[in-house]
Amino acid sequence: MKKEDIRIGVNRYLKVKYGVTLKDAKEYEIFNALSLTVLEDIIEDWNNTSCTYNEGRCANYFSAEYLMGRALGNNLMNLGLYDEVKEVLSELNIDINKIEEIEEDAGLGNGGLGRLAACFMESSATIDMPLNGYGIRYNNGLFNQNVEEGFQTECEDNWLKYGDPWSIRKEAEAQIIEFADMTVKAIPYDTPIIGYGTKNINTLRLWKCEPMKEFDFILFNNQKYDKSVSLKNRAEDISRVLYPNDSNNEGKLLRLRQQYFLVSASLKDIIRKHKAKVGTDFQNISENNFVQLNDTHPTLAIPEFIRLLVDEEGVSFKDALESAKSFFGYTNHTILAEALEKWNVNLIKKLFPRVLEIIKDIDKELIKELKKKHYIREKIKEFRIIADRQVRMANLAIFVSKAVNGVAKLHTDILKDKELNNWYKLYPEKFQNKTNGITPRRWLRLCNTELSAFITDLLGNEDWVKHLELLKGLKKFENDDVVLEKLMQIKHEKKVQLADYIKQEEGIEIDPNSFFDIQIKRLHEYKRQLLNALYILDLYYRIKEDPTLDIPKTTFIFGAKAFPGYRRAKAIVKFITQIADLIDNDKDVAGKIKVVFVHNYRVSYAQKLFPGSDLSKQISTAGKEASGTGNMKFMLNATPTFGTLDGANVEIVQESGEENNFIFGLKVEDIEKIKDTYDSKKYYEENPSIKRVLDTLIDGTFDDGESGDFEDLYNSLLEEGDQYYLLADFDLFKQEEEKVFATYKDKRNWAKKCFANLYNAGTFSSDRTIQQYCDEIWNIKKTPIK
Ligand code: 26V
């Protein structure tokens, strides 16, 4: 696209969409006009890609979550238009950063699982793989978080407030979705997924739920206004909000409706395309398509697929089940019991009775197979899809899927050896590992242009952006002082930028010359933000005792959203902010350490935090974090990991060397050994540091607004036995952090560790992950368009 075309396009869209000229245009109007200008320019390639993909075999990613973040900057960069657009805007006296910052994050996900889906979409486009994304177009994404008086508060996310210029509503491809008690329309909104350095443009298709008709004319005419639109509201509720509160039955029904809505609409779409291509022969539907289930949330796709083939296309149940067995793959993203989905049969029966019948038939097939293999009754129970009037979604997914995968080596091993060992013994050939990855475009090229330019300079070209393993070529500079110095200079620059942003967002000043120790991720007990907080509190007391304590000036940064109904997670937010206040108000300590809890952590904030970090805190209880992907984002931005041997941390230190990271704590096998005899109270009684910090939870040092939340935290660690082993790891954490501080003194040595993390990060590109899914599960091939 030429500069002149960009100018003309922006002016035209400002005129027809907002009726203004540039001099009166608001920032969001310019954002929309610019986005539409670029969209217009890529439509032909996009349509061309869709047509080309339809001719061959495609994979389809079914996910309840896509945590996309902002589109504009990423799209411009991937299209190679960023600099042109920046120049055009600057000639018009507009700062491109301001236009980028006006864009709301598309936050249609909770955390790692949703962000992974977003990285996968971008990687598949970049490497020309025919992958279609299917999801729900929630009107409101993950809540916005505020921190008031140290407490988390939530309010609705309104990401569509300025419109959504990147999506196109495809009315003609709407689907009708039937529930036992209502019929609704699913309207697709397509968003282009623009790869880096390719003409291929993939599609993310998100469904919006709408009523069959806008309102009931007769009711309205009779002045029953509320009632006249009640069906409309009920329909729109289905795609209204990500993860509605499902603590009661109504909430559960809504969540289940969402899941069915997503999979029914998406399967009907795939079947529509199949029919247009090959007609009504369903023998080969699984030759042309594959569906990857992102966790169990879309698992109803399995019985729904069979239902559609049997009831609507006249295929026999046996053949439909056979097809399904080569049509689906299932990815497991957690072993936490509370996150393993089970649905009450009554709920399923109430909403889609026929689907329940099919699930029962699948369950019968499973039993038949197990009996044939001489499994005894007791053993068969473990595998049952329906048990205790619950449908166990993971069992359904595993039985039918062609492949089951974990998301990091350790996680897959735990699935095979423990959590799913029974299934692994039954179907060893189904189990695979696919270690997660991240897209280097958003997580380095876009968010850290300074480091990117330096890498390009050293390697002589930008090929690394598409072939991240080329970062290895930097190794030869590992002892080059000029290179190491420049790396640290860039880091400092990114820390200054982060400090400015934190000042702007939080109104808090932090010192960019201090050490930035960062923990950013969803708030959960297993991630152990509380352990980090307890460590900091202990450090505070140690500085009080010994003001000469030799540590570098350090800023501890936290960012995390707590699930609104998760009391303990919210208590941890409050505890962290109480520690922050304690330190700020104590002049003996305030100049030495500082704690900042940044509010509303999200993708766009993350893009500023990762590049401005000195230390990546990844301290989950060993065995609990399936993979982690934030850990990879730090690594790619040349930041050492401080962590346990959990999830992908294991592979990170394998790649970059234990000597370049800070590994501490109990390992999976250690926990296995102590778990039956573990006595957290012993640590409390025998370790005065532990006692001192835990007592603050109950002795009035801190204020939890008289909620009893801090006492509950205290009890979780003592009375309830500390199920995440915080106390067992406390001293090991402390020793390792001492090692960090000592190591940091030697600036050259520190720079070498940062650099080693950078040049060893290549394997964590999601391009590699996607290539493995394509080769080992999906069986799809590169399909570049002409
Ligand atoms: C979600 C929730 C939400 C409400 C509170 C309880 C709870 C517990 C667990 C979960 C996790 C759901 C699945 C998930 O998001 N897993 C994440 O997937 C990432 C991508 O594979 C992976 O990197 C993370 O380790 C894993 O936690």
# chains A, B, ... in the order shown; residues from 1 in each chain; ligands from 1
$ residues_near_ligand --ligand "ligand 1" --cutoff "8 Å" --atoms "only C-alpha atoms and all ligand atoms" --output "list in words"
Asn110, Gly111, Gly112, Leu113, Gly114, Arg115, Leu116, Asp295, Asn332, His333, Thr334, Leu336, Glu338, Ala339, Val407, Asn436, His524, Phe563, Tyr566, Lys624, Glu625, Ala626, Ser627, Gly628, Thr629, Gly630 and Gly647 of chain A
$ residues_around --residues "stretch 158-166 of chain A" --least-positions-apart "3" --cutoff "8 Å" --atoms "only C-alpha atoms" --output "compact mmCIF listing (two decimals) with N, CA and C atoms, in the first residue's frame"
# COMPACT_ATOMS: atom_id res chain seq x y z
N TYR A 28 -10.41 7.91 18.15
CA TYR A 28 -11.02 6.62 17.83
C TYR A 28 -11.57 6.61 16.41
N ASN A 32 -10.48 3.90 13.62
CA ASN A 32 -11.40 3.11 12.81
C ASN A 32 -11.17 3.33 11.32
N SER A 35 -8.05 1.55 10.28
CA SER A 35 -8.24 0.09 10.28
C SER A 35 -9.03 -0.34 9.05
N LEU A 36 -10.08 0.42 8.74
CA LEU A 36 -10.91 0.06 7.58
C LEU A 36 -10.12 0.21 6.27
N LEU A 39 -8.04 -2.82 6.11
CA LEU A 39 -8.91 -3.98 5.87
C LEU A 39 -9.30 -4.05 4.39
N ALA A 71 -5.36 -5.10 17.81
CA ALA A 71 -5.12 -5.58 16.45
C ALA A 71 -4.25 -4.63 15.62
N GLU A 104 -9.26 -0.61 22.28
CA GLU A 104 -9.54 -1.48 23.42
C GLU A 104 -8.95 -2.85 23.15
N ASP A 105 -8.44 -3.51 24.18
CA ASP A 105 -8.01 -4.90 24.02
C ASP A 105 -9.23 -5.78 23.75
N ALA A 106 -9.11 -6.71 22.81
CA ALA A 106 -10.14 -7.75 22.71
C ALA A 106 -9.75 -8.80 23.74
N GLY A 107 -10.44 -8.78 24.87
CA GLY A 107 -10.05 -9.66 26.00
C GLY A 107 -11.02 -10.80 26.17
N ASN A 139 -20.06 -10.12 23.93
CA ASN A 139 -20.24 -8.68 23.91
C ASN A 139 -19.35 -8.02 24.97
N ASN A 140 -19.16 -8.71 26.07
CA ASN A 140 -18.27 -8.23 27.13
C ASN A 140 -17.23 -9.30 27.43
N GLY A 141 -15.98 -8.90 27.32
CA GLY A 141 -14.90 -9.85 27.57
C GLY A 141 -14.60 -9.94 29.07
N THR A 191 -12.87 -12.19 11.54
CA THR A 191 -11.73 -11.29 11.72
C THR A 191 -10.54 -11.87 10.95
N PRO A 192 -9.88 -11.03 10.17
CA PRO A 192 -8.72 -11.54 9.44
C PRO A 192 -7.55 -11.76 10.39
$ closest_residue --among "A:Ile455, A:Val10, A:Ile557, A:Ala125" --to "A:Ser613" --atoms "only C-alpha atoms"
A:Ile557
$ residues_around --residues "A:Glu450" --least-positions-apart "6" --cutoff "12 Å" --atoms "only C-alpha atoms" --output "ChimeraX atom specification"
/A:444,456-457,486-494,497,611-612,637
$ residues_around --residues "A:Asn600" --least-positions-apart "3" --cutoff "8 Å" --atoms "only C-alpha atoms" --output "MDAnalysis selection string"
chainID A and resid 144:146 559:561
